[in-house]
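All remarks here apply to the structure that follows.
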Amino acid sequence: MRILLIYGTTEGQSRKISNFITEQLEAVGHDVECLDSRRKMDGLQISSFDAAIIVGSVHQKLHQEALCNFAIAHRSELQKISTLLFSVSLSAAFSNGKAEAQSYIDLFVDRTGFNPNSYALVAGALRYSEYDYFMAQVVEHVVLASHENITEDREFTNWQQLEIDIDNFMETIVERA
Ligand SMILES: Cc1cc2nc3c(=O)[nH]c(=O)nc-3n(C[C@H](O)[C@H](O)[C@H](O)COP(=O)(O)O)c2cc1C
């Protein structure tokens, strides 16, 4: 099947996740077009794909603007194929953060008017070694405020769960004639 994968990333974890998904799908024979939402996409024909996977991360409760703009610009074509949104955040890493992580998806849907067929919350990563002072302060005192106080780099992404989510989604797709 032909799969479109569009991602938004700020520190790189969603790109890593997108590359992982691409490898998983290509390994079982699917044809994947993996694109950064910041790229110019002249000539992109969404109707030529069987499904679209959208991967984006959350900063101060919002997904990347370029990803939102992509969803707004293409929502009517996206709504005609199977779609899955992977929302990457730190809240998704904690059992008491799932409702917060879910609220980011609700905001994305409200903001874009695009409602994916399915979605999954994906735990992201802490990259203090790459944050500037302001980012580190926001992460430590706002994002992690009601969770553990972690002050070193850590990856929370559950790669096995990601594989399961992809398999489950692929089972729902009907190949276009
Ligand atoms: C400045 C900043 C703000 C963030 N805001 C949130 C937030 O509001 N909620 C949340 O759950 N995670 C938040 N995060 C965590 C990111 O979603 C997480 O680090 C994710 O892995 C980033 O993915 P990316 O590397 O693809 O951009 C924030 C991270 C940074 C650096």
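Note on naming: chains are A, B, ... as they come in the structure tokens, residues start from 1 per chain, ligands start from 1 in the order shown.
By only C-alpha atoms, and with residues fewer than 5 positions from range 26-29 of chain A along its chain excluded, the set lying at most 10 Å from it is Met1, Arg2, Ile3, Phe20 and Ile21 of chain A.
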Would you mind exporting C-alpha atoms of the selected residues as a short mmCIF file (atom, residue, chain, number, x, y, z; two decimals), in the first residue's frame?
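File written: again-v8.cif
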data_model
loop_
_atom_site.label_atom_id
_atom_site.label_comp_id
_atom_site.auth_asym_id
_atom_site.auth_seq_id
_atom_site.Cartn_x
_atom_site.Cartn_y
_atom_site.Cartn_z
CA MET A 1 0.00 0.00 0.00
CA ARG A 2 1.03 3.61 -0.50
CA ILE A 3 1.36 5.45 2.78
CA PHE A 20 11.06 3.99 12.69
CA ILE A 21 7.50 3.80 11.31
#
Using only C-alpha atoms and all ligand atoms, I'd like a table of the residues in chain A that come within 7 Å of ligand 1; for each, show the closest atom pair and its distance in Å rounded to one decimal, ordered by chain and ascending number, as a Markdown table.
| residue | atom | partner | partner_atom_place_in_ligand_line | distance |
| --- | --- | --- | --- | --- |
| A:Gly8 | CA | ligand 1 | 26 (O) | 6.7 |
| A:Thr9 | CA | ligand 1 | 26 (O) | 3.7 |
| A:Thr10 | CA | ligand 1 | 27 (O) | 3.4 |
| A:Glu11 | CA | ligand 1 | 25 (O) | 3.4 |
| A:Gly12 | CA | ligand 1 | 25 (O) | 3.8 |
| A:Gln13 | CA | ligand 1 | 25 (O) | 3.6 |
| A:Ser14 | CA | ligand 1 | 26 (O) | 3.5 |
| A:Arg15 | CA | ligand 1 | 26 (O) | 6.1 |
| A:Gly56 | CA | ligand 1 | 26 (O) | 6.5 |
| A:Ser57 | CA | ligand 1 | 23 (O) | 4.6 |
| A:Val58 | CA | ligand 1 | 17 (O) | 4.1 |
| A:His59 | CA | ligand 1 | 5 (N) | 3.4 |
| A:Gln60 | CA | ligand 1 | 8 (O) | 3.4 |
| A:Lys61 | CA | ligand 1 | 8 (O) | 3.8 |
| A:Leu62 | CA | ligand 1 | 8 (O) | 6.8 |
| A:Val88 | CA | ligand 1 | 17 (O) | 5.7 |
| A:Ser89 | CA | ligand 1 | 17 (O) | 3.5 |
| A:Leu90 | CA | ligand 1 | 11 (O) | 3.9 |
| A:Ser91 | CA | ligand 1 | 11 (O) | 3.7 |
| A:Ala92 | CA | ligand 1 | 11 (O) | 6.4 |
| A:Ala101 | CA | ligand 1 | 11 (O) | 6.0 |
| A:Ala123 | CA | ligand 1 | 21 (O) | 6.9 |
| A:Gly124 | CA | ligand 1 | 21 (O) | 3.3 |
| A:Ala125 | CA | ligand 1 | 21 (O) | 3.9 |
| A:Leu126 | CA | ligand 1 | 19 (O) | 5.0 |
| A:Arg127 | CA | ligand 1 | 19 (O) | 6.8 |
| A:Tyr131 | CA | ligand 1 | 31 (C) | 6.4 |
| A:Met135 | CA | ligand 1 | 1 (C) | 4.1 |
| A:Ala136 | CA | ligand 1 | 31 (C) | 6.7 |
| A:Val138 | CA | ligand 1 | 1 (C) | 5.5 |
| A:Val139 | CA | ligand 1 | 30 (C) | 5.5 |
| A:Val143 | CA | ligand 1 | 7 (C) | 5.3 |
Once you have the residues from the selection above, write them out as a PDB file, in the first residue's frame, restricted to C-alpha atoms.
ATOM      1  CA  GLY A   8       6.443  17.844  12.653  1.00  0.00           C
ATOM      2  CA  THR A   9       9.395  17.879  15.025  1.00  0.00           C
ATOM      3  CA  THR A  10      11.162  20.474  17.152  1.00  0.00           C
ATOM      4  CA  GLU A  11      13.949  18.535  18.874  1.00  0.00           C
ATOM      5  CA  GLY A  12      14.026  15.453  16.629  1.00  0.00           C
ATOM      6  CA  GLN A  13      12.128  12.707  18.514  1.00  0.00           C
ATOM      7  CA  SER A  14       9.140  12.756  16.125  1.00  0.00           C
ATOM      8  CA  ARG A  15      11.555  12.453  13.187  1.00  0.00           C
ATOM      9  CA  GLY A  56       3.749  15.637  15.634  1.00  0.00           C
ATOM     10  CA  SER A  57       5.044  16.656  19.023  1.00  0.00           C
ATOM     11  CA  VAL A  58       3.640  19.030  21.602  1.00  0.00           C
ATOM     12  CA  HIS A  59       5.265  22.190  22.919  1.00  0.00           C
ATOM     13  CA  GLN A  60       3.341  24.390  25.347  1.00  0.00           C
ATOM     14  CA  LYS A  61       0.235  22.287  24.594  1.00  0.00           C
ATOM     15  CA  LEU A  62       0.359  22.786  20.813  1.00  0.00           C
ATOM     16  CA  VAL A  88       4.177  12.830  20.844  1.00  0.00           C
ATOM     17  CA  SER A  89       4.432  14.441  24.275  1.00  0.00           C
ATOM     18  CA  LEU A  90       5.973  14.004  27.696  1.00  0.00           C
ATOM     19  CA  SER A  91       2.560  13.903  29.369  1.00  0.00           C
ATOM     20  CA  ALA A  92       1.913  10.651  27.482  1.00  0.00           C
ATOM     21  CA  ALA A 101      -1.980  14.301  26.505  1.00  0.00           C
ATOM     22  CA  ALA A 123       5.704   9.227  24.947  1.00  0.00           C
ATOM     23  CA  GLY A 124       8.523  11.480  23.707  1.00  0.00           C
ATOM     24  CA  ALA A 125      11.947  12.262  25.109  1.00  0.00           C
ATOM     25  CA  LEU A 126      13.710  14.680  27.425  1.00  0.00           C
ATOM     26  CA  ARG A 127      16.757  16.296  25.829  1.00  0.00           C
ATOM     27  CA  TYR A 131      17.617  22.776  25.508  1.00  0.00           C
ATOM     28  CA  MET A 135      13.291  25.483  27.402  1.00  0.00           C
ATOM     29  CA  ALA A 136      14.816  23.657  30.358  1.00  0.00           C
ATOM     30  CA  VAL A 138       9.570  25.241  30.943  1.00  0.00           C
ATOM     31  CA  VAL A 139      10.156  21.481  30.889  1.00  0.00           C
ATOM     32  CA  VAL A 143       5.685  20.147  31.803  1.00  0.00           C
TER      33      VAL A 143
END
- Task: For Ser82 in chain A, work out the shell of residues within 7 Å, counting only C-alpha atoms and skipping chain neighbours fewer than 4 positions away, then give it as a list in words.
- Result: Asp50, Ala51, Ala52, Asn117 and Ile173 of chain A
Output C-alpha atoms for every residue in that selection, as a CSV table (one decimal), in the first residue's frame.
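Below you can see again-v2.csv, which holds the result:
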chain,number,residue,atom,x,y,z
A,50,ASP,CA,-4.1,4.6,0.7
A,51,ALA,CA,-3.6,6.2,4.1
A,52,ALA,CA,-1.8,9.0,5.9
A,117,ASN,CA,-9.8,8.2,12.0
A,173,ILE,CA,-7.0,0.2,5.8
- Would you return as a list in words the members of range 37-109 of chain A that DSSP assigns to alpha helix (DSSP H) on this structure's backbone?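 Secondary structure check on range 37-109 of chain A, alpha helix (DSSP H): Glu65, Ala66, Leu67, Cys68, Asn69, Phe70, Ala71, Ile72, Ala73, His74, Arg75, Ser76, Glu77, Leu78, Lys98, Ala99, Glu100, Ala101, Gln102, Ser103, Tyr104, Ile105, Asp106, Leu107, Phe108 and Val109 of chain A.
Compared by their closest atoms to Tyr7 in chain A, and using only C-alpha atoms, the residues A:Phe49, A:Leu67, A:Asn168, A:Asp31 rank with A:Leu67 nearest.
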